[in-house]
Structures are given as structure tokens and as C-alpha cells.
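Enquirer: Input file: run.cif. Contents: mmCIF, C-alpha atoms.
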```
data_data
loop_
_atom_site.label_atom_id
_atom_site.label_comp_id
_atom_site.auth_asym_id
_atom_site.auth_seq_id
_atom_site.Cartn_x
_atom_site.Cartn_y
_atom_site.Cartn_z
CA MET R 1 15.18 4.00 2.31
CA LEU R 2 17.40 7.02 2.98
CA LEU R 3 16.11 10.43 1.88
CA LEU R 4 18.64 13.23 1.47
CA ASP R 5 18.24 16.93 0.90
CA VAL R 6 21.61 18.38 1.86
CA ALA R 7 22.95 21.78 0.82
CA GLY R 8 26.19 21.41 -1.12
CA ALA R 9 25.87 17.63 -1.38
CA TYR R 10 26.76 17.67 -5.08
CA ASP R 11 30.21 19.13 -4.48
CA MET R 12 30.97 16.67 -1.65
CA VAL R 13 30.99 13.55 -3.83
CA SER R 14 34.31 11.71 -3.79
CA HIS R 15 35.78 12.08 -7.28
CA GLU R 16 38.01 9.05 -6.81
CA ARG R 17 35.09 6.84 -5.79
CA LEU R 18 32.96 8.06 -8.68
CA LEU R 19 35.67 7.32 -11.26
CA PHE R 20 36.35 3.93 -9.65
CA ASN R 21 32.69 2.91 -9.94
CA MET R 22 32.64 4.02 -13.57
CA ARG R 23 35.73 1.91 -14.33
CA GLN R 24 34.07 -1.08 -12.67
CA MET R 25 31.11 -0.60 -15.02
CA ARG R 26 33.43 -0.32 -18.03
CA LEU R 27 31.90 2.89 -19.30
CA GLY R 28 34.83 3.58 -21.61
CA ALA R 29 35.14 7.07 -23.06
CA LEU R 30 32.59 8.45 -20.62
CA ILE R 31 35.17 8.08 -17.83
CA LEU R 32 37.64 10.43 -19.53
CA TRP R 33 34.86 12.90 -20.33
CA VAL R 34 33.72 13.05 -16.70
CA GLN R 35 37.29 13.17 -15.41
CA SER R 36 38.02 16.21 -17.57
CA PHE R 37 35.16 18.05 -15.89
CA LEU R 38 36.29 17.29 -12.35
CA ALA R 39 39.00 19.96 -12.23
CA GLY R 40 39.80 23.31 -13.77
CA ARG R 41 36.24 24.05 -14.93
CA SER R 42 33.99 26.99 -14.14
CA THR R 43 30.47 28.04 -15.08
CA ARG R 44 28.85 31.40 -15.79
CA ILE R 45 25.08 31.93 -16.00
CA LYS R 46 23.66 34.29 -18.62
CA LEU R 47 20.04 35.41 -18.37
CA PRO R 48 17.87 36.68 -21.28
CA ASN R 49 18.05 40.23 -19.92
CA GLY R 50 21.80 40.25 -20.47
CA TYR R 51 22.92 39.60 -16.87
CA LEU R 52 26.13 37.56 -16.71
CA SER R 53 27.12 36.06 -13.37
CA GLU R 54 30.59 35.65 -11.98
CA ALA R 55 32.40 32.39 -12.68
CA PHE R 56 31.97 29.67 -10.07
CA PRO R 57 33.21 26.05 -9.85
CA THR R 58 31.18 23.71 -12.02
CA PRO R 59 29.04 21.21 -10.04
CA THR R 60 30.15 18.29 -12.14
CA VAL R 61 28.02 15.62 -10.50
CA ARG R 62 24.69 17.40 -10.67
CA THR R 63 22.91 14.78 -12.74
CA CYS R 64 20.93 11.78 -11.57
CA THR R 65 23.10 9.55 -13.78
CA LEU R 66 26.36 10.37 -12.01
CA ARG R 67 24.71 10.22 -8.58
CA GLY R 68 23.50 6.73 -9.38
CA LEU R 69 27.04 5.71 -10.34
CA HIS R 70 28.47 7.12 -7.12
CA TYR R 71 26.22 5.09 -4.81
CA GLY R 72 27.48 1.78 -6.16
CA GLU R 73 25.24 -1.26 -5.63
CA SER R 74 22.43 0.61 -3.86
CA GLU R 75 19.51 1.91 -5.89
CA ALA R 76 19.61 5.70 -6.13
CA TYR R 77 17.07 8.14 -7.53
CA GLY R 78 17.18 11.88 -7.56
CA TRP R 79 15.34 14.98 -8.65
CA VAL R 80 17.40 18.20 -8.54
CA ASP R 81 18.69 18.20 -4.93
CA ASP R 82 16.36 15.54 -3.47
CA ASP R 83 18.03 12.13 -3.35
CA ASP R 84 16.59 8.75 -2.48
CA ILE R 85 18.86 5.78 -1.72
CA TRP R 86 17.26 2.45 -0.98
CA GLU R 87 17.91 -1.26 -1.02
CA VAL R 88 15.88 -4.35 -0.14
CA PRO R 89 17.14 -5.92 3.14
CA ASP R 90 17.53 -9.64 3.63
CA ASP R 91 15.21 -9.53 6.63
CA PRO R 92 11.59 -8.77 5.58
CA ALA R 93 11.08 -6.99 8.91
CA GLY R 94 13.80 -4.51 8.00
CA HIS R 95 16.48 -3.04 10.24
CA ASP R 96 16.36 -0.79 13.27
CA GLY R 97 18.78 1.73 11.81
CA MET R 98 21.10 2.62 8.96
CA PRO R 99 24.77 3.40 9.71
CA VAL R 100 25.98 6.57 8.00
CA ILE R 101 29.66 7.51 8.07
CA ILE R 102 30.30 11.25 8.29
CA PRO R 103 33.74 12.41 7.05
CA GLY R 104 36.01 13.21 10.01
CA ASP R 105 33.97 11.14 12.48
CA PRO R 106 35.34 7.59 12.97
CA THR R 107 32.15 6.42 14.70
CA PRO R 108 29.25 5.71 12.31
CA THR R 109 26.09 7.65 13.04
CA ILE R 110 22.99 5.47 13.31
CA LEU R 111 19.90 7.00 11.74
CA ALA R 112 16.82 5.64 13.47
CA PRO R 113 13.93 4.86 11.09
CA ILE R 114 10.75 6.90 11.23
CA GLY R 115 7.20 5.94 10.37
CA THR R 116 6.62 8.56 7.68
CA ALA R 117 8.77 10.56 5.29
CA LYS R 118 8.13 13.16 2.61
CA TYR R 119 9.68 12.80 -0.84
CA LEU R 120 8.89 15.12 -3.75
CA GLY R 121 5.76 16.34 -1.99
CA ILE R 122 4.41 12.82 -1.31
CA TRP R 123 4.17 11.51 2.25
CA LEU R 124 5.22 7.85 2.41
CA ASP R 125 4.64 5.34 5.19
CA LYS R 126 5.60 1.73 5.82
CA HIS R 127 2.29 0.35 4.59
CA LEU R 128 1.98 2.63 1.53
CA ASN R 129 -1.70 3.21 2.26
CA PHE R 130 -1.23 7.01 2.04
CA THR R 131 -3.24 7.62 5.20
CA THR R 132 -0.70 10.16 6.44
CA TYR R 133 -0.64 11.83 3.04
CA ARG R 134 -4.41 12.28 2.99
CA LYS R 135 -4.36 13.89 6.43
CA LYS R 136 -1.61 16.27 5.34
CA MET R 137 -3.53 17.04 2.15
CA LEU R 138 -6.68 18.06 4.01
CA ALA R 139 -4.64 20.17 6.42
CA LYS R 140 -2.90 21.84 3.48
CA GLY R 141 -6.23 22.67 1.86
CA ALA R 142 -7.58 24.17 5.09
CA SER R 143 -4.47 26.33 5.59
CA SER R 144 -4.62 27.54 1.98
CA LEU R 145 -8.19 28.73 2.57
CA GLU R 146 -6.92 31.00 5.34
CA ALA R 147 -4.60 32.66 2.84
CA LEU R 148 -7.55 33.05 0.47
CA ARG R 149 -9.61 34.56 3.27
CA ALA R 150 -6.95 37.25 3.78
CA ILE R 151 -7.60 38.67 0.29
CA SER R 152 -11.38 38.23 0.25
CA GLY R 153 -12.55 41.43 1.90
CA SER R 154 -15.94 42.59 0.61
CA THR R 155 -14.88 46.24 0.32
CA TRP R 156 -11.13 46.12 -0.21
CA GLY R 157 -10.48 42.53 -1.34
CA SER R 158 -9.67 41.11 -4.76
CA LEU R 159 -12.23 40.75 -7.52
CA LEU R 160 -14.29 37.59 -7.85
CA ILE R 161 -12.56 36.59 -11.10
CA ALA R 162 -9.11 37.10 -9.57
CA MET R 163 -9.95 35.02 -6.50
CA ARG R 164 -11.39 32.27 -8.67
CA LYS R 165 -8.12 32.19 -10.62
CA VAL R 166 -6.13 32.00 -7.39
CA TYR R 167 -8.23 29.08 -6.18
CA GLN R 168 -7.95 27.11 -9.41
CA ALA R 169 -4.31 27.93 -10.17
CA VAL R 170 -2.82 27.77 -6.66
CA ILE R 171 -5.00 26.06 -4.06
CA ILE R 172 -6.29 23.18 -6.19
CA PRO R 173 -2.81 22.11 -7.48
CA GLN R 174 -1.34 22.36 -3.98
CA MET R 175 -4.13 20.38 -2.36
CA LEU R 176 -4.38 17.66 -5.02
CA TRP R 177 -0.66 17.27 -5.71
CA GLY R 178 0.25 13.61 -6.35
CA LEU R 179 -3.40 12.57 -6.47
CA SER R 180 -2.90 9.96 -9.20
CA ALA R 181 -0.45 8.03 -6.99
CA TRP R 182 -3.14 6.88 -4.56
CA TYR R 183 -6.65 7.93 -5.68
CA CYS R 184 -8.33 5.46 -8.00
CA PRO R 185 -11.87 4.22 -7.27
CA ALA R 186 -11.54 1.65 -10.05
CA ALA R 187 -8.61 -0.02 -8.25
CA ARG R 188 -10.61 -0.31 -4.99
CA ALA R 189 -7.48 0.28 -2.93
CA MET R 190 -9.55 2.21 -0.36
CA GLU R 191 -12.67 1.14 1.42
CA ARG R 192 -15.81 2.69 -0.01
CA GLY R 193 -16.61 4.40 3.27
CA ASP R 194 -13.13 5.95 3.53
CA LEU R 195 -13.33 7.08 -0.09
CA ASP R 196 -16.70 8.77 0.43
CA LYS R 197 -15.45 10.40 3.64
CA LEU R 198 -12.42 11.83 1.84
CA THR R 199 -14.56 13.12 -1.03
CA ASN R 200 -16.92 14.80 1.42
CA GLU R 201 -14.02 16.51 3.21
CA LEU R 202 -12.68 17.86 -0.09
CA THR R 203 -16.18 18.97 -1.07
CA LYS R 204 -16.45 20.94 2.18
CA ILE R 205 -13.13 22.66 1.47
CA GLN R 206 -14.27 23.63 -2.02
CA LYS R 207 -17.58 24.93 -0.68
CA ARG R 208 -15.77 27.10 1.86
CA ALA R 209 -13.57 28.43 -0.93
CA ALA R 210 -16.62 29.14 -3.12
CA ILE R 211 -18.26 31.08 -0.26
CA LEU R 212 -15.12 33.18 0.17
CA ILE R 213 -14.90 33.83 -3.57
CA SER R 214 -18.55 34.72 -4.13
CA GLY R 215 -19.44 36.23 -0.75
CA ALA R 216 -22.51 33.98 -0.56
CA PHE R 217 -24.26 32.90 2.63
CA ARG R 218 -22.92 29.83 4.43
CA GLY R 219 -26.18 27.98 3.89
CA THR R 220 -25.92 28.19 0.10
CA ALA R 221 -25.76 24.80 -1.58
CA GLY R 222 -22.30 23.79 -2.75
CA ALA R 223 -23.59 22.48 -6.09
CA ALA R 224 -25.21 25.84 -6.81
CA LEU R 225 -21.97 27.66 -6.02
CA ASP R 226 -20.01 25.36 -8.34
CA THR R 227 -22.48 26.07 -11.13
CA GLU R 228 -22.51 29.83 -10.67
CA LEU R 229 -18.73 30.12 -10.38
CA PHE R 230 -18.03 27.62 -13.20
CA ILE R 231 -15.97 25.43 -10.86
CA THR R 232 -15.75 21.71 -11.59
CA PRO R 233 -17.32 19.63 -8.78
CA ILE R 234 -14.61 18.07 -6.68
CA LYS R 235 -15.65 14.47 -7.39
CA LEU R 236 -15.49 15.03 -11.14
CA ARG R 237 -12.20 16.90 -10.80
CA LEU R 238 -10.62 13.99 -8.94
CA GLN R 239 -11.67 11.54 -11.64
CA GLN R 240 -10.57 13.93 -14.37
CA ILE R 241 -7.08 14.28 -12.90
CA VAL R 242 -6.43 10.55 -12.58
CA GLU R 243 -7.78 9.76 -16.06
CA GLU R 244 -5.83 12.57 -17.73
CA THR R 245 -2.69 11.41 -15.92
CA THR R 246 -3.21 7.86 -17.16
CA ILE R 247 -3.77 9.03 -20.73
CA ARG R 248 -0.63 11.17 -20.56
CA ILE R 249 1.38 8.16 -19.37
CA LEU R 250 -0.08 5.81 -21.99
CA THR R 251 0.60 8.25 -24.83
CA GLY R 252 4.01 9.33 -23.54
CA PRO R 253 7.37 7.58 -23.99
CA GLN R 254 6.75 3.85 -23.91
CA TRP R 255 9.82 3.12 -21.81
CA ALA R 256 8.17 5.09 -18.97
CA CYS R 257 4.78 3.37 -19.31
CA PRO R 258 4.10 0.65 -16.70
CA GLN R 259 4.04 -2.82 -18.20
CA THR R 260 0.77 -3.63 -16.44
CA ALA R 261 -0.95 -0.84 -18.37
CA LYS R 262 0.12 -2.33 -21.71
CA GLU R 263 -0.30 -6.04 -20.99
CA ALA R 264 -3.03 -7.55 -18.83
CA ARG R 265 -1.94 -9.55 -15.80
CA LYS R 266 -3.41 -12.85 -14.80
CA PRO R 267 -6.31 -12.74 -12.32
CA ARG R 268 -4.23 -14.65 -9.76
CA GLU R 269 -1.53 -11.96 -9.86
CA ARG R 270 -4.09 -9.19 -9.42
CA ARG R 271 -5.63 -10.95 -6.43
CA ILE R 272 -2.24 -11.04 -4.71
CA GLY R 273 -1.09 -7.48 -5.35
CA GLY R 274 -4.32 -5.72 -6.27
CA TRP R 275 -4.89 -3.28 -9.11
CA ALA R 276 -2.38 -0.51 -9.72
CA PRO R 277 -4.01 2.91 -10.38
CA THR R 278 -2.77 3.18 -13.97
CA GLU R 279 -3.60 -0.46 -14.64
CA ALA R 280 -7.15 -0.16 -13.28
CA ILE R 281 -7.98 2.92 -15.34
CA ALA R 282 -6.45 1.47 -18.51
CA TRP R 283 -8.30 -1.86 -18.32
CA LYS R 284 -11.47 -1.09 -16.37
CA THR R 285 -12.31 2.59 -17.01
CA LEU R 286 -10.89 3.20 -20.49
CA GLN R 287 -11.26 -0.48 -21.52
CA LEU R 288 -8.35 -0.46 -23.97
CA ARG R 289 -8.45 -4.21 -24.69
CA ASN R 290 -4.86 -4.33 -26.01
CA GLU R 291 -5.50 -1.23 -28.10
CA LYS R 292 -2.24 0.63 -28.73
CA TRP R 293 -2.46 4.40 -28.63
CA GLU R 294 -0.33 6.77 -30.61
CA GLU R 295 2.76 7.96 -28.78
CA LYS R 296 2.93 11.73 -28.42
CA GLN R 297 5.94 13.91 -27.85
CA ALA R 298 5.85 16.43 -25.03
CA PHE R 299 7.34 19.10 -27.31
CA ILE R 300 7.28 19.49 -31.10
CA LEU R 301 10.98 20.26 -31.05
CA ALA R 302 13.66 19.30 -28.59
CA LEU R 303 14.35 21.92 -25.97
CA TRP R 304 17.77 22.69 -27.43
CA GLU R 305 16.57 23.09 -31.04
CA ALA R 306 15.80 26.42 -32.70
CA ARG R 307 12.17 27.51 -32.62
CA ILE R 308 10.00 27.39 -35.74
CA PRO R 309 9.68 30.92 -37.21
CA CYS R 310 6.09 32.21 -37.08
CA PHE R 311 4.73 35.20 -38.99
CA VAL R 312 1.74 37.36 -38.07
CA GLU R 313 1.34 40.01 -40.77
CA ASN R 314 -1.28 41.78 -42.82
CA GLN R 315 -2.40 40.42 -46.19
CA GLU R 316 0.12 42.30 -48.34
CA ALA R 317 3.09 41.51 -46.12
CA ALA R 318 1.96 37.90 -45.73
CA LEU R 319 1.74 37.48 -49.52
CA LYS R 320 5.24 38.88 -49.96
CA THR R 321 6.57 36.60 -47.21
CA HIS R 322 4.87 33.63 -48.87
CA ASN R 323 6.49 34.42 -52.23
CA ASP R 324 9.91 34.78 -50.61
CA ILE R 325 9.55 31.46 -48.80
CA TYR R 326 8.35 29.82 -52.02
CA LYS R 327 11.35 31.11 -53.99
CA SER R 328 13.82 29.95 -51.34
CA ALA R 329 12.08 26.56 -51.19
CA VAL R 330 12.43 26.15 -54.96
CA LEU R 331 16.13 27.02 -54.83
CA GLU R 332 16.70 24.58 -51.97
CA GLU R 333 14.67 21.89 -53.80
CA THR R 334 12.20 21.54 -50.95
CA LYS R 335 9.46 19.09 -51.90
CA ASP R 336 6.65 19.91 -49.49
CA MET R 337 5.34 23.01 -47.73
CA PHE R 338 2.76 23.21 -44.96
CA PHE R 339 0.41 26.11 -44.28
CA THR R 340 -1.93 26.89 -41.41
CA ASP R 341 -4.31 29.75 -40.78
CA GLY R 342 -4.27 29.21 -37.02
CA SER R 343 -7.95 28.27 -36.84
CA GLY R 344 -9.13 25.44 -34.66
CA PHE R 345 -11.93 22.92 -35.13
CA ALA R 346 -12.73 19.82 -33.07
CA GLY R 347 -9.39 20.04 -31.30
CA HIS R 348 -7.38 20.26 -34.52
CA ILE R 349 -5.63 23.05 -36.44
CA GLY R 350 -6.77 24.12 -39.89
CA ALA R 351 -3.88 23.33 -42.21
CA SER R 352 -3.06 22.45 -45.81
CA MET R 353 -0.12 21.00 -47.70
CA ALA R 354 1.29 21.97 -51.08
CA SER R 355 3.73 19.93 -53.16
CA LEU R 356 6.33 21.77 -55.21
CA GLN R 357 6.82 18.85 -57.58
CA HIS R 358 5.22 19.32 -60.98
CA GLY R 359 2.30 17.05 -61.67
CA VAL R 360 1.70 16.19 -58.02
CA VAL R 361 -1.66 17.28 -56.68
CA SER R 362 -2.22 17.42 -52.90
#
```
If you convert what's in this file into C-alpha cells, what do you get?
Expert:
Amino acid sequence: MLLLDVAGAYDMVSHERLLFNMRQMRLGALILWVQSFLAGRSTRIKLPNGYLSEAFPTPTVRTCTLRGLHYGESEAYGWVDDDDIWEVPDDPAGHDGMPVIIPGDPTPTILAPIGTAKYLGIWLDKHLNFTTYRKKMLAKGASSLEALRAISGSTWGSLLIAMRKVYQAVIIPQMLWGLSAWYCPAARAMERGDLDKLTNELTKIQKRAAILISGAFRGTAGAALDTELFITPIKLRLQQIVEETTIRILTGPQWACPQTAKEARKPRERRIGGWAPTEAIAWKTLQLRNEKWEEKQAFILALWEARIPCFVENQEAALKTHNDIYKSAVLEETKDMFFTDGSGFAGHIGASMASLQHGVVS
């Protein structure tokens, strides 16, 4: 696995090699479309406040799709400017190095492998047991508390509510980033003793944060501080994060949902590879039993579509707006109209539907 985060790497891609790989894949009209963007193009950025930047050369290969085409037979993944190139070697023990050819240097540079590497905020190791990641996570939480301590003066510091917001909106997401990738008690990937030790360490960090926020004595019970500050206990928060992540994956696009979460594996297969986190929560915690959940879209409209017009007016203006919309709907032969008063009940929105067809009651 080769991890790259190089400034200007997008503009260094060989255009000839990229087009050659696309021809080998027989991508047809896409080749001409990409080729037209490789020369003589420029981009200007316009911000909502009216600022318009100077024109600069267009980074034509800034998408994960084109990066994957450029790397040929190797598997390539990318997120913005963080690239990951990997392939499975013939030798299960792996290799001692990966030769990388730098333009202008005839001698390949051998990159020696390392035991751990960070990709998208997740520390990876050869055994994928996330031991290194957990150590880094605890160190990150402890360092974040020092920043919280700097604004927690009793006479000149921030208010209790403000510090509580900082803890929940900044420190918690930083400390528990990528939690669902490795934390899952139902999967039993960690020994019970190690799991309890980790939970206790996180509980200590949250107690220290609660003492800084509230100004309480050090001997105050952590459970009492959580109750008084309306902070979710760390053990419940961990379980909440992994379950909400699993539900979001199960109800998201089905092409991105792991197959093991939709179809149960045989017991022999699970004994060999163990339970995956999403699989364990889907079959053991949520107990879906082949139940198919409704697929939800992340956004009501696509990001490039126009927003739905919303009106917040007084009664007279709202009535006039309603009549105008009704008249335009009749002229355009619209069949249905939907109304909502914005109220909420049991997680739903109060709404009603009216049919403009005569004789149809809704």
C-alpha cells in the first residue's frame, strides 16, 4: 500500500499515459471529452459575496475516476488530495520495499515499508487490530483537554454553556473519529478486558472535561457530572455512534452497503474471518432477520438542483400567496399540491395533500 499526499500531484499526471489507459479500456466518447480539457482551459472561482478570482489552469485530473484510470492495473482510491495505491503481492509475506521512479532520476527510489500509516485520519497497521489508532486517539483526547483548560478560567474564562458546546462539537468528534471502523462489542473483535480498559480511559477523559466545564471538585462522581451537564455517558455514546453509523449505511445507497449486512454468511465463514462491525450490529444488535429497510436519500434534491421555494409570511400575505400558487397550478394543469405548517410530531412533519381534480377527495 502506497499512501500519497503530494502538493501539485494532480497537475503532474502524464496526459499521454492517461489517454492511453482510457483507450485500452475502450471508454469511447469519454476519451475525446477528457482530451479536450487537457489543454487550453482555465478556471475562475466565484464566491457568493461576489469575489471573482483570476483565471488559472484547470486541474483536469482532479477526480478519483481519472486518478484510478491513470494508475493502470493497480487499485487506486482517493479523497481530495489523499491517494492510496495498493495491490496484493504474490508473496503473502509481502515485499521489503516498493520501487518508485521519480522523473529525472534514472535510479528508482526504494520506499521502505513502515509498521503504521495514517490515511483519512485512521491509523492503519499490518495486523489491522487498530492498537496504534487507539493509542493515538487517547493521546488526541488528552491534548484536546489542554486546549479546553486554556479557556476555562473561573473569572475570565468562557461560560459553562459555551464550553459544553466546545466539548461536544469539537473534542468529541476529534477523539472518536472513525470509531465505527473498529469499535463493536457485538463483533467481539477485542478482548473484553481490553474493551473495558479503553472505555475506562475514555470515561476518565470525559470526567476531566466535565470538571473543567463545571468547575467541580476532582472527587465529584463522573456519573453525577454527566447528569448535571446533560452529557451522554461515554459508553452509551460509543454504542450510539456505531449503531447510528450502521443504520445510515443500511438505509443509504445500496451499492455502498456491505453484502454481509444484507445477506447472512454461513457460520463456517464467520468463524474464519470473524464478524464485521456492520454485520454484527445488523444481525446481532438490530436483529434484522432479512428485513429490508427503506432506502433514504442524503438530500431531498440533488446538490446542483434549484432549491424549493419556502414562504414565511403573515396570514394575509400567506393567503394571497396560496391563491396565486393555486391559480398558477390550475393554468399549468398540476394535479396535486402539498402543504405543511412546519409542525413536528413523533419525528414527522405535519402535512396535507390537496387534489386539484374535480371529484377527487384526499
Enquirer: Could you spell out the hits of the PyMOL selection byres ((chain R and resi 286) around 12) on the shown file, as a short mmCIF file (atom, residue, chain, number, x, y, z; two decimals) with C-alpha atoms, keeping the file's coordinate frame?
Expert:
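expr.cif was written with the following content:
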```cif
data_model
loop_
_atom_site.label_atom_id
_atom_site.label_comp_id
_atom_site.auth_asym_id
_atom_site.auth_seq_id
_atom_site.Cartn_x
_atom_site.Cartn_y
_atom_site.Cartn_z
CA ALA R 186 -11.54 1.65 -10.05
CA VAL R 242 -6.43 10.55 -12.58
CA GLU R 243 -7.78 9.76 -16.06
CA GLU R 244 -5.83 12.57 -17.73
CA THR R 246 -3.21 7.86 -17.16
CA ILE R 247 -3.77 9.03 -20.73
CA LEU R 250 -0.08 5.81 -21.99
CA ALA R 261 -0.95 -0.84 -18.37
CA THR R 278 -2.77 3.18 -13.97
CA GLU R 279 -3.60 -0.46 -14.64
CA ALA R 280 -7.15 -0.16 -13.28
CA ILE R 281 -7.98 2.92 -15.34
CA ALA R 282 -6.45 1.47 -18.51
CA TRP R 283 -8.30 -1.86 -18.32
CA LYS R 284 -11.47 -1.09 -16.37
CA THR R 285 -12.31 2.59 -17.01
CA GLN R 287 -11.26 -0.48 -21.52
CA LEU R 288 -8.35 -0.46 -23.97
CA ARG R 289 -8.45 -4.21 -24.69
CA ASN R 290 -4.86 -4.33 -26.01
CA GLU R 291 -5.50 -1.23 -28.10
CA TRP R 293 -2.46 4.40 -28.63
#
```
Enquirer: So which one's closest to R:Glu16, R:Leu159, R:Ala181, R:Val34, R:Ile205? Using all atoms listed in the file, please.
Expert: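 Checking each candidate against R:Glu16, we get R:Val34 as the closest.
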Enquirer: I'd like to know which of R:Leu195, R:Ala264, R:Leu160, R:Arg248 is closest to R:Glu228, using only C-alpha atoms.
Expert: R:Leu160
Enquirer: Of the candidates R:Thr227, R:Gln297, R:Ser144, R:Gln239, which one gets nearest to R:Arg208 if we count all atoms listed in the file?
Expert: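 Among the listed residues, R:Ser144 lies closest to R:Arg208.
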Enquirer: Please expand the PyMOL selection byres ((chain R and resi 125) around 6) into the concrete residues it hits in this file, giving the result as an MDAnalysis selection string.
Expert: chainID R and resid 115:116 124 126:128
Enquirer: Which value, in Å to one decimal, gives the distance between atom CA of R:Thr232 and atom CA of R:Leu120?
Expert: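 Calculated distance between atom CA of R:Thr232 and atom CA of R:Leu120 is 26.7 Å.
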Enquirer: Between atom CA of R:Thr245 and atom CA of R:Met137, what distance in Å does the model show, to one decimal?
Expert: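 If I compute the distance from atom CA of R:Thr245 to atom CA of R:Met137, I get 18.9 Å.
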Enquirer: Any chance you could resolve the PyMOL selection byres ((chain R and resi 134) around 10) against this file and give the residues as a PyMOL selection string?
Expert: chain R and resi 122-123+129-133+135-140+175-176+179+182-183+198
